[in-house]
$ cat data-v3.cif   # mmCIF, C-alpha atoms and all ligand atoms
data_protein
#
loop_
_atom_site.label_atom_id
_atom_site.label_comp_id
_atom_site.auth_asym_id
_atom_site.auth_seq_id
_atom_site.Cartn_x
_atom_site.Cartn_y
_atom_site.Cartn_z
CA MET A 1 -21.83 27.65 -22.05
CA ARG A 2 -22.38 24.04 -22.81
CA ALA A 3 -18.65 23.38 -22.74
CA ALA A 4 -18.31 25.12 -19.41
CA ILE A 5 -20.96 22.91 -17.92
CA MET A 6 -19.52 19.75 -19.38
CA ARG A 7 -16.11 20.52 -18.03
CA ASN A 8 -17.35 20.10 -14.52
CA ALA A 9 -19.02 16.83 -15.25
CA ARG A 10 -16.96 13.77 -14.42
CA PRO A 11 -16.20 11.78 -17.54
CA SER A 12 -18.05 8.51 -17.62
CA LYS A 13 -15.86 5.51 -16.92
CA ASN A 14 -17.01 3.55 -19.88
CA GLN A 15 -16.85 6.22 -22.51
CA ASN A 16 -13.17 6.91 -22.34
CA PRO A 17 -11.28 4.76 -24.82
CA SER A 18 -8.01 5.45 -23.06
CA VAL A 19 -9.32 4.17 -19.73
CA ILE A 20 -7.59 1.06 -18.61
CA ARG A 21 -9.29 -0.80 -15.81
CA ILE A 22 -7.97 -3.86 -14.18
CA LYS A 23 -9.67 -6.48 -12.11
CA THR A 24 -8.33 -7.36 -8.74
CA ASN A 25 -9.25 -10.14 -6.39
CA GLY A 26 -10.01 -7.66 -3.67
CA ASN A 27 -6.72 -7.25 -1.86
CA GLY A 28 -4.98 -5.65 -4.78
CA ALA A 29 -2.02 -7.97 -4.50
CA ASN A 30 -2.82 -10.51 -7.17
CA SER A 31 -4.29 -8.40 -9.89
CA THR A 32 -4.97 -10.26 -13.08
CA ARG A 33 -4.14 -7.01 -14.88
CA GLU A 34 -6.60 -7.80 -17.62
CA GLY A 35 -6.95 -4.12 -18.42
CA TYR A 36 -3.51 -3.82 -19.91
CA THR A 37 -2.92 -5.36 -23.27
CA GLY A 38 -0.20 -7.99 -23.30
CA ALA A 39 2.11 -5.53 -25.03
CA GLU A 40 1.49 -2.79 -22.46
CA GLN A 41 2.09 -5.15 -19.62
CA MET A 42 5.36 -6.28 -21.18
CA SER A 43 6.35 -2.64 -21.74
CA ILE A 44 5.81 -1.59 -18.17
CA GLU A 45 7.49 -4.65 -16.71
CA GLN A 46 10.41 -4.23 -19.06
CA ALA A 47 10.68 -0.52 -18.31
CA LEU A 48 10.86 -1.17 -14.59
CA THR A 49 13.54 -3.85 -14.95
CA LYS A 50 16.32 -1.54 -13.78
CA THR A 51 14.38 -0.25 -10.80
CA ARG A 52 13.30 -3.72 -9.82
CA GLY A 53 16.54 -5.47 -10.69
CA GLY A 54 18.82 -3.16 -8.77
CA PHE A 55 17.55 -3.67 -5.29
CA LEU A 56 13.97 -4.73 -5.06
CA ALA A 57 14.53 -8.10 -6.74
CA ARG A 58 16.88 -9.15 -3.96
CA LEU A 59 13.95 -9.14 -1.61
CA PHE A 60 12.29 -11.86 -3.57
CA GLY A 61 15.20 -14.07 -4.41
CA ARG A 62 15.71 -15.65 -1.02
CA GLY A 63 12.72 -17.87 -0.77
CA GLU A 64 12.36 -16.45 2.70
CA GLU A 65 8.86 -16.77 4.00
CA LYS A 66 9.13 -15.79 7.61
CA LEU A 67 9.38 -12.08 8.27
CA THR A 68 12.52 -10.91 10.09
CA ALA A 69 13.80 -7.57 11.33
CA GLU A 70 16.69 -7.88 8.85
CA TRP A 71 14.30 -8.37 5.96
CA LEU A 72 12.44 -5.22 6.97
CA ASP A 73 15.75 -3.35 7.03
CA SER A 74 16.57 -4.47 3.51
CA LEU A 75 13.09 -3.58 2.38
CA GLU A 76 13.55 -0.05 3.68
CA GLU A 77 16.90 0.30 1.96
CA ALA A 78 15.56 -1.06 -1.30
CA LEU A 79 12.60 1.30 -1.34
CA LEU A 80 14.77 4.33 -0.65
CA ARG A 81 17.31 3.32 -3.29
CA ALA A 82 14.52 3.02 -5.83
CA ASP A 83 13.95 6.72 -5.05
CA LEU A 84 10.75 6.45 -3.11
CA SER A 85 10.50 9.47 -0.87
CA VAL A 86 11.38 9.33 2.81
CA SER A 87 8.00 10.87 3.58
CA LEU A 88 6.36 7.81 2.09
CA VAL A 89 8.80 5.15 3.27
CA ASP A 90 9.12 6.34 6.90
CA PRO A 91 5.50 5.96 7.98
CA LEU A 92 5.17 2.74 5.98
CA MET A 93 8.17 1.17 7.68
CA ALA A 94 7.05 2.35 11.11
CA GLN A 95 3.71 0.69 10.55
CA LEU A 96 5.27 -2.52 9.27
CA ARG A 97 7.70 -2.75 12.19
CA ASP A 98 4.77 -2.26 14.54
CA LEU A 99 2.80 -5.03 12.92
CA PHE A 100 5.90 -7.25 13.02
CA THR A 101 6.52 -6.59 16.71
CA THR A 102 2.93 -7.30 17.70
CA GLY A 103 2.99 -10.44 15.58
CA GLU A 104 0.14 -9.28 13.36
CA VAL A 105 2.29 -9.64 10.25
CA LYS A 106 4.49 -12.71 10.29
CA SER A 107 5.27 -13.45 6.67
CA VAL A 108 7.20 -11.68 3.95
CA GLN A 109 4.22 -12.16 1.71
CA LYS A 110 1.90 -10.28 4.08
CA ALA A 111 4.42 -7.50 4.51
CA LEU A 112 4.74 -7.08 0.77
CA ALA A 113 0.98 -6.99 0.38
CA ALA A 114 0.91 -4.06 2.83
CA VAL A 115 3.66 -2.32 0.88
CA ARG A 116 1.74 -2.75 -2.35
CA GLU A 117 -1.40 -1.36 -0.80
CA THR A 118 0.42 1.74 0.45
CA LEU A 119 2.10 2.30 -2.90
CA VAL A 120 -1.13 1.99 -4.85
CA ALA A 121 -2.75 4.51 -2.49
CA ALA A 122 0.20 6.87 -3.01
CA LEU A 123 -0.66 7.18 -6.69
CA VAL A 124 -3.27 9.80 -6.01
CA GLY A 125 -6.07 10.99 -8.21
CA ASP A 126 -7.89 10.05 -11.35
CA THR A 127 -5.39 8.78 -13.87
CA ARG A 128 -7.77 9.07 -16.84
CA LEU A 129 -7.32 11.85 -19.36
CA ARG A 130 -9.82 14.64 -18.76
CA GLY A 131 -12.01 16.34 -21.30
CA GLU A 132 -13.55 13.27 -22.85
CA GLY A 133 -16.43 14.39 -25.08
CA GLN A 134 -15.23 17.97 -25.44
CA GLN A 135 -15.11 19.20 -29.01
CA PRO A 136 -12.24 19.30 -29.28
CA ARG A 137 -10.53 18.09 -26.16
CA VAL A 138 -7.35 20.14 -25.66
CA ILE A 139 -4.18 18.81 -24.08
CA LEU A 140 -1.08 20.96 -23.51
CA LEU A 141 2.30 19.41 -22.84
CA VAL A 142 4.67 21.50 -20.74
CA GLY A 143 8.04 20.98 -19.11
CA VAL A 144 11.76 21.71 -19.33
CA ASN A 145 13.86 21.04 -22.42
CA GLY A 146 14.67 17.43 -23.06
CA SER A 147 12.06 16.01 -20.69
CA GLY A 148 10.28 14.23 -23.55
CA LYS A 149 7.41 16.57 -24.50
CA THR A 150 7.69 16.25 -28.27
CA THR A 151 8.09 12.49 -28.15
CA THR A 152 5.19 12.19 -25.73
CA ALA A 153 2.96 14.37 -27.94
CA ALA A 154 3.56 12.02 -30.87
CA LYS A 155 3.12 8.85 -28.82
CA LEU A 156 -0.12 10.16 -27.30
CA ALA A 157 -1.42 11.12 -30.74
CA LYS A 158 -0.75 7.59 -31.91
CA ARG A 159 -2.46 6.03 -28.88
CA LEU A 160 -5.57 8.13 -29.43
CA LYS A 161 -5.58 7.46 -33.15
CA ASP A 162 -5.26 3.72 -32.52
CA SER A 163 -8.26 3.93 -30.20
CA GLY A 164 -10.37 5.48 -32.94
CA GLU A 165 -9.96 9.18 -32.21
CA ARG A 166 -8.98 11.90 -34.66
CA PRO A 167 -6.12 13.73 -32.97
CA LEU A 168 -4.46 16.92 -34.20
CA LEU A 169 -0.87 17.74 -33.25
CA VAL A 170 0.23 21.34 -32.71
CA ALA A 171 3.83 22.51 -32.88
CA ALA A 172 3.68 25.51 -30.57
CA ASP A 173 7.41 25.68 -29.99
CA THR A 174 8.04 28.64 -32.29
CA PHE A 175 11.43 29.47 -30.79
CA ARG A 176 13.30 26.67 -32.43
CA ALA A 177 12.70 25.71 -36.06
CA ALA A 178 14.24 22.32 -35.25
CA ALA A 179 11.54 21.71 -32.66
CA THR A 180 8.76 22.19 -35.19
CA LEU A 181 10.58 20.00 -37.69
CA GLN A 182 10.98 17.28 -35.06
CA LEU A 183 7.24 17.17 -34.37
CA GLU A 184 6.44 17.32 -38.08
CA GLN A 185 8.58 14.25 -38.65
CA TRP A 186 6.83 12.48 -35.81
CA ALA A 187 3.43 13.49 -37.18
CA GLN A 188 4.34 11.92 -40.48
CA ARG A 189 5.59 8.77 -38.79
CA VAL A 190 2.42 8.26 -36.74
CA ASP A 191 0.25 9.58 -39.57
CA VAL A 192 -1.52 12.33 -37.63
CA PRO A 193 -2.24 15.84 -39.02
CA ILE A 194 -0.28 18.75 -37.60
CA VAL A 195 -0.63 22.52 -37.30
CA SER A 196 2.70 24.33 -37.06
CA GLY A 197 3.41 27.87 -35.97
CA LYS A 198 5.52 30.31 -37.95
CA PRO A 199 9.07 30.79 -36.68
CA GLU A 200 9.09 33.46 -33.97
CA GLY A 201 5.29 33.49 -34.03
CA ASP A 202 3.14 33.78 -30.93
CA PRO A 203 2.73 30.25 -29.52
CA ALA A 204 -0.57 31.18 -27.86
CA ALA A 205 -1.95 32.21 -31.25
CA VAL A 206 -0.81 28.94 -32.78
CA VAL A 207 -2.72 26.93 -30.21
CA PHE A 208 -5.73 29.21 -30.59
CA ASP A 209 -5.76 28.69 -34.38
CA ALA A 210 -5.25 24.95 -34.00
CA VAL A 211 -8.25 24.59 -31.67
CA ASN A 212 -10.40 26.46 -34.19
CA ALA A 213 -9.04 24.31 -37.01
CA ALA A 214 -9.83 21.17 -35.02
CA THR A 215 -13.39 22.36 -34.44
CA ALA A 216 -13.82 22.99 -38.16
CA ARG A 217 -12.21 19.71 -39.22
CA GLY A 218 -13.79 17.50 -36.60
CA ASN A 219 -10.61 16.55 -34.80
CA THR A 220 -11.44 15.07 -31.41
CA THR A 221 -8.30 15.91 -29.46
CA VAL A 222 -5.75 18.70 -29.90
CA ILE A 223 -2.31 17.86 -28.51
CA ALA A 224 -0.07 20.91 -28.27
CA ASP A 225 3.68 20.58 -27.83
CA THR A 226 5.02 23.75 -26.19
CA ALA A 227 8.56 25.10 -25.99
CA GLY A 228 10.76 23.68 -23.32
CA ARG A 229 11.37 26.29 -20.71
CA LEU A 230 13.51 26.61 -17.70
CA HIS A 231 11.37 26.91 -14.63
CA THR A 232 13.70 29.72 -13.54
CA LYS A 233 12.97 31.94 -16.56
CA GLY A 234 10.11 34.19 -15.52
CA GLN A 235 9.27 35.51 -18.96
CA LEU A 236 8.85 32.09 -20.52
CA MET A 237 6.78 30.94 -17.61
CA ASP A 238 4.51 33.97 -18.08
CA GLU A 239 4.15 33.01 -21.70
CA LEU A 240 2.93 29.59 -20.63
CA GLY A 241 0.24 31.27 -18.56
CA LYS A 242 -0.77 33.21 -21.66
CA ILE A 243 -1.03 30.06 -23.79
CA VAL A 244 -3.38 28.58 -21.20
CA ARG A 245 -5.55 31.73 -21.06
CA VAL A 246 -5.75 32.16 -24.83
CA THR A 247 -6.61 28.47 -25.33
CA GLY A 248 -9.64 29.08 -23.12
CA ARG A 249 -10.83 31.72 -25.57
CA ALA A 250 -10.84 29.23 -28.43
CA ARG A 251 -12.98 26.79 -26.46
CA ALA A 252 -14.52 27.67 -23.13
CA GLY A 253 -12.97 25.62 -20.36
CA ALA A 254 -9.95 24.56 -22.43
CA PRO A 255 -7.30 23.32 -21.93
CA ASP A 256 -8.73 20.14 -20.43
CA GLU A 257 -5.31 18.87 -19.48
CA VAL A 258 -2.04 20.61 -18.85
CA LEU A 259 0.34 17.68 -18.61
CA LEU A 260 3.70 18.31 -17.03
CA VAL A 261 6.30 16.07 -18.64
CA LEU A 262 9.03 15.02 -16.19
CA ASP A 263 12.20 13.11 -16.95
CA GLY A 264 12.08 9.95 -14.84
CA THR A 265 15.86 9.62 -14.83
CA ALA A 266 16.03 12.83 -12.79
CA GLY A 267 14.40 11.01 -9.90
CA GLN A 268 13.16 13.23 -7.15
CA ASN A 269 15.08 16.23 -8.52
CA ALA A 270 12.27 16.59 -11.02
CA ILE A 271 10.00 17.63 -8.18
CA GLN A 272 11.73 20.95 -7.62
CA GLN A 273 11.30 22.14 -11.20
CA ALA A 274 7.80 20.76 -11.23
CA ARG A 275 6.71 23.09 -8.47
CA ARG A 276 7.35 26.16 -10.59
CA PHE A 277 5.23 24.77 -13.37
CA THR A 278 2.38 23.83 -11.09
CA ALA A 279 2.44 27.36 -9.70
CA THR A 280 2.21 28.95 -13.16
CA ALA A 281 0.21 26.77 -15.44
CA ALA A 282 -2.52 24.99 -13.48
CA VAL A 283 -1.00 21.60 -14.21
CA THR A 284 -3.64 18.85 -14.14
CA GLY A 285 -1.47 15.77 -14.45
CA VAL A 286 2.01 14.41 -14.94
CA VAL A 287 3.77 12.28 -17.55
CA VAL A 288 6.91 10.53 -16.32
CA THR A 289 9.21 9.63 -19.21
CA LYS A 290 12.33 7.48 -19.66
CA LEU A 291 11.34 4.98 -17.00
CA ASP A 292 13.15 2.44 -19.13
CA GLY A 293 16.46 4.17 -18.50
CA THR A 294 16.48 4.44 -14.74
CA ALA A 295 16.69 2.50 -11.50
CA LYS A 296 14.76 5.34 -9.87
CA GLY A 297 11.28 4.32 -10.96
CA GLY A 298 10.15 4.79 -7.38
CA SER A 299 10.28 8.53 -7.97
CA VAL A 300 6.87 8.18 -9.64
CA PHE A 301 5.39 7.75 -6.16
CA ALA A 302 7.34 10.69 -4.77
CA ILE A 303 6.19 12.86 -7.67
CA ALA A 304 2.53 11.95 -7.19
CA GLN A 305 2.72 12.43 -3.43
CA GLU A 306 4.69 15.65 -3.29
CA LEU A 307 2.85 17.36 -6.12
CA ARG A 308 -0.55 15.90 -5.21
CA LEU A 309 -1.12 15.31 -8.91
CA PRO A 310 -2.05 12.15 -10.77
CA VAL A 311 0.67 10.58 -12.90
CA LYS A 312 -1.35 9.78 -16.00
CA LEU A 313 1.08 8.45 -18.56
CA LEU A 314 4.42 6.68 -18.48
CA GLY A 315 7.12 6.91 -21.14
CA VAL A 316 8.82 3.55 -21.47
CA GLY A 317 11.03 3.95 -24.54
CA GLU A 318 11.79 6.04 -27.61
CA LYS A 319 9.38 4.45 -30.05
CA ALA A 320 5.88 5.49 -31.02
CA ASP A 321 4.22 2.75 -28.97
CA ASP A 322 6.31 3.32 -25.86
CA LEU A 323 3.69 5.21 -23.85
CA VAL A 324 1.42 3.44 -21.41
CA PRO A 325 -1.39 4.80 -19.28
CA MET A 326 -0.84 4.68 -15.55
CA ASP A 327 -2.61 1.87 -13.84
CA PRO A 328 -1.67 2.07 -10.16
CA THR A 329 -2.16 -1.61 -9.33
CA ALA A 330 -0.43 -2.90 -12.43
CA PHE A 331 2.39 -0.42 -11.95
CA VAL A 332 2.96 -1.49 -8.36
CA ASN A 333 2.78 -5.16 -9.27
CA ALA A 334 5.36 -4.63 -11.99
CA LEU A 335 7.61 -3.03 -9.40
CA LEU A 336 7.00 -5.55 -6.63
CA PRO A 337 6.09 -8.79 -8.34
CA THR A 338 3.70 -11.05 -6.52
CA SER A 339 6.09 -13.95 -6.98
CA ALA A 340 9.82 -14.19 -7.53
N1 LIG A 401 14.47 5.93 -23.34
C1 LIG A 401 13.54 6.88 -23.48
N2 LIG A 401 13.83 8.02 -24.13
C2 LIG A 401 12.87 8.96 -24.24
C3 LIG A 401 11.57 8.78 -23.71
N3 LIG A 401 10.85 9.90 -23.99
C4 LIG A 401 11.67 10.73 -24.67
N4 LIG A 401 12.90 10.17 -24.83
C5 LIG A 401 14.09 10.74 -25.48
O1 LIG A 401 14.47 11.93 -24.81
C6 LIG A 401 15.01 12.87 -25.73
C7 LIG A 401 14.27 14.20 -25.58
O2 LIG A 401 12.93 14.03 -25.99
P1 LIG A 401 12.04 15.20 -26.60
O3 LIG A 401 10.70 14.65 -26.83
O4 LIG A 401 12.74 15.82 -27.77
O5 LIG A 401 12.05 16.22 -25.38
P2 LIG A 401 11.48 17.72 -25.33
O6 LIG A 401 12.66 18.63 -25.43
O7 LIG A 401 10.83 17.84 -23.98
O8 LIG A 401 10.51 17.90 -26.44
C8 LIG A 401 14.87 12.25 -27.10
O9 LIG A 401 16.09 11.67 -27.46
C9 LIG A 401 13.81 11.16 -26.90
O10 LIG A 401 13.97 10.08 -27.79
C10 LIG A 401 11.28 7.55 -23.01
O11 LIG A 401 10.19 7.30 -22.48
N5 LIG A 401 12.31 6.64 -22.94
MG MG A 402 10.51 19.37 -27.91
#

$ encode --input "data-v3.cif" --output "structure tokens"
Amino acid sequence: MRAAIMRNARPSKNQNPSVIRIKTNGNGANSTREGYTGAEQMSIEQALTKTRGGFLARLFGRGEEKLTAEWLDSLEEALLRADLSVSLVDPLMAQLRDLFTTGEVKSVQKALAAVRETLVAALVGDTRLRGEGQQPRVILLVGVNGSGKTTTAAKLAKRLKDSGERPLLVAADTFRAAATLQLEQWAQRVDVPIVSGKPEGDPAAVVFDAVNAATARGNTTVIADTAGRLHTKGQLMDELGKIVRVTGRARAGAPDEVLLVLDGTAGQNAIQQARRFTATAAVTGVVVTKLDGTAKGGSVFAIAQELRLPVKLLGVGEKADDLVPMDPTAFVNALLPTSA
């Protein structure tokens, strides 16, 4: 009963160790980004190098201050090539061209500030992890094979451990022995305890047992890695629904988060598969991985907009520390730097 009540309460801003807040000077354009650690800031800027370098950087390299119709054309092209969705870019460009025509926006700098503002607003929702204070908090990772679930589970466990939590990993992919082994190796590497299911066992039962184990052992957050499944395979999708239901029997209101892990190199294609997952598993947030390997980092905005879900975490490499929380302003500033 208590858990059910707490689930509806909004987590307090200051209690969440994984909350990253940044200070802005009011217009959002010149954030000091004090909320990110130096390493996180470097990670996100580095990860977006390809997206930025491909097309967006050209917009900054000209030393051009006065806004021109040609500059607006190249802006539009650059945004679309970075895989921002047409549904986001079209109204933004229409508005900018209006402001240009009426003379309200005369400089490149002002135009870019408007772009940044729109992009920050496009990253909808609360990007903090839910379930803070639950005992234990339960996070399920879902998605297709190869999207980065197992790696993300390990990275997230490390982040939480580094922030003073006591995470517990769960290998709920009982279909493939290799999958369990992979997470066990990660668990060892990041030095976090793990509960593994028996081969061919019922994944829902594994998560159920793990939540009970966490309650008994005092683990603060349970992170369950589930089997990769094709969004087109009905049976496996049903099983995901079962995992979610059974988890709720181990702790009322659980899972607190069902994070859909999407491969950032798939760009906007990831949105199609995502829809099947959101229909089945009450997805609460998104992790976009492999941002370091793509020039399509703009798809993060398309994903957030089209799915109306917050992108909460970003995978920026293959190592244990290569996971950063989403901070909309810092993310946008890394994509569209405030100076060349
Ligand atoms: N470059 C890069 N590779 C990643 C990232 N996340 C995962 N990977 C790689 O993607 C591959 C699939 O990851 P895995 O976690 O096994 O995916 P799963 O099948 O969804 O569990 C592995 O080779 C990972 O190292 C990331 O953020 N950046
Ligand atoms: Mg896996």

$ residues_around --input "data-v3.cif" --residues "Gly317 of chain A" --least-positions-apart "2" --cutoff "9 Å" --atoms "only C-alpha atoms" --output "MDAnalysis selection string"
chainID A and resid 43 47 289:293 315 319:323

$ closest_residue --input "data-v3.cif" --among "A:Ala224, A:Ala330, A:Leu56, A:Val144" --to "Leu80 of chain A" --atoms "all atoms listed in the file"
A:Leu56

$ residues_near_point --input "data-v3.cif" --point "(2.3, 20.8, -31.1)" --cutoff "12 Å" --atoms "only C-alpha atoms" --output "VMD selection string"
chain A and resid 138 to 142 149 to 154 156 to 157 167 to 174 179 to 187 192 to 197 203 to 204 206 to 211 221 to 228

$ residues_around --input "data-v3.cif" --residues "Gly103 of chain A" --least-positions-apart "4" --cutoff "12 Å" --atoms "all atoms listed in the file" --output "list in words"
Lys66, Leu67, Thr68, Ala69, Leu96, Arg97, Asp98, Leu99, Ser107, Lys110 and Ala111 of chain A

$ closest_residue --input "data-v3.cif" --among "A:Ala177, A:Leu75, A:Ala214, A:Leu129" --to "ligand MG 402 (chain A)" --atoms "only C-alpha atoms and all ligand atoms"
A:Ala177

$ residues_around --input "data-v3.cif" --residues "Ile303 of chain A" --least-positions-apart "2" --cutoff "12 Å" --atoms "all atoms listed in the file" --output "NGL selection string"
:A and (83-85 or 87-88 or 122-124 or 260-264 or 266-275 or 285-288 or 296-301 or 305-312)

$ residues_near_point --input "data-v3.cif" --point "(-6.3, 8.7, -32.4)" --cutoff "10 Å" --atoms "only C-alpha atoms" --output "NGL selection string"
:A and (17 or 156-168 or 190-192 or 219-221)

$ closest_residue --input "data-v3.cif" --among "A:Ala205, A:Val316, A:Val108, A:Ala252" --to "ligand LIG 401 (chain A)" --atoms "all atoms listed in the file"
A:Val316

$ atom_distance --input "data-v3.cif" --atom1 "atom CA of Glu70 of chain A" --atom2 "atom CA of Leu119 of chain A"
21.3 Å

$ residues_around --input "data-v3.cif" --residues "Val324 of chain A" --least-positions-apart "4" --cutoff "7 Å" --atoms "only C-alpha atoms" --output "compact mmCIF listing (two decimals) with C-alpha atoms, keeping the file's coordinate frame"
# COMPACT_ATOMS: atom_id res chain seq x y z
CA GLU A 40 1.49 -2.79 -22.46
CA LEU A 313 1.08 8.45 -18.56
CA LEU A 314 4.42 6.68 -18.48
CA GLY A 315 7.12 6.91 -21.14

$ atom_distance --input "data-v3.cif" --atom1 "atom CA of Asp202 of chain A" --atom2 "atom CA of Gln235 of chain A"
13.6 Å

$ closest_residue --input "data-v3.cif" --among "A:Ala304, A:Ala121, A:Val283, A:Ala178" --to "ligand LIG 401 (chain A)" --atoms "all atoms listed in the file"
A:Ala178

$ atom_distance --input "data-v3.cif" --atom1 "atom CA of Val244 of chain A" --atom2 "atom CA of Pro136 of chain A"
15.2 Å

$ axis_aligned_box --input "data-v3.cif" --around "ligand LIG 401 (chain A)" --padding-each-side "8 Å" --output "AutoDock Vina command-line options"
--center_x 13.1 --center_y 12.3 --center_z -25.1 --size_x 21.9 --size_y 28.7 --size_z 21.3

$ closest_residue --input "data-v3.cif" --among "A:Val89, A:Ala213, A:Met42, A:Glu117" --to "Ala302 of chain A" --atoms "all atoms listed in the file"
A:Val89

$ closest_residue --input "data-v3.cif" --among "A:Thr280, A:Thr101, A:Asn145, A:Ser74" --to "ligand LIG 401 (chain A)" --atoms "all atoms listed in the file"
A:Asn145
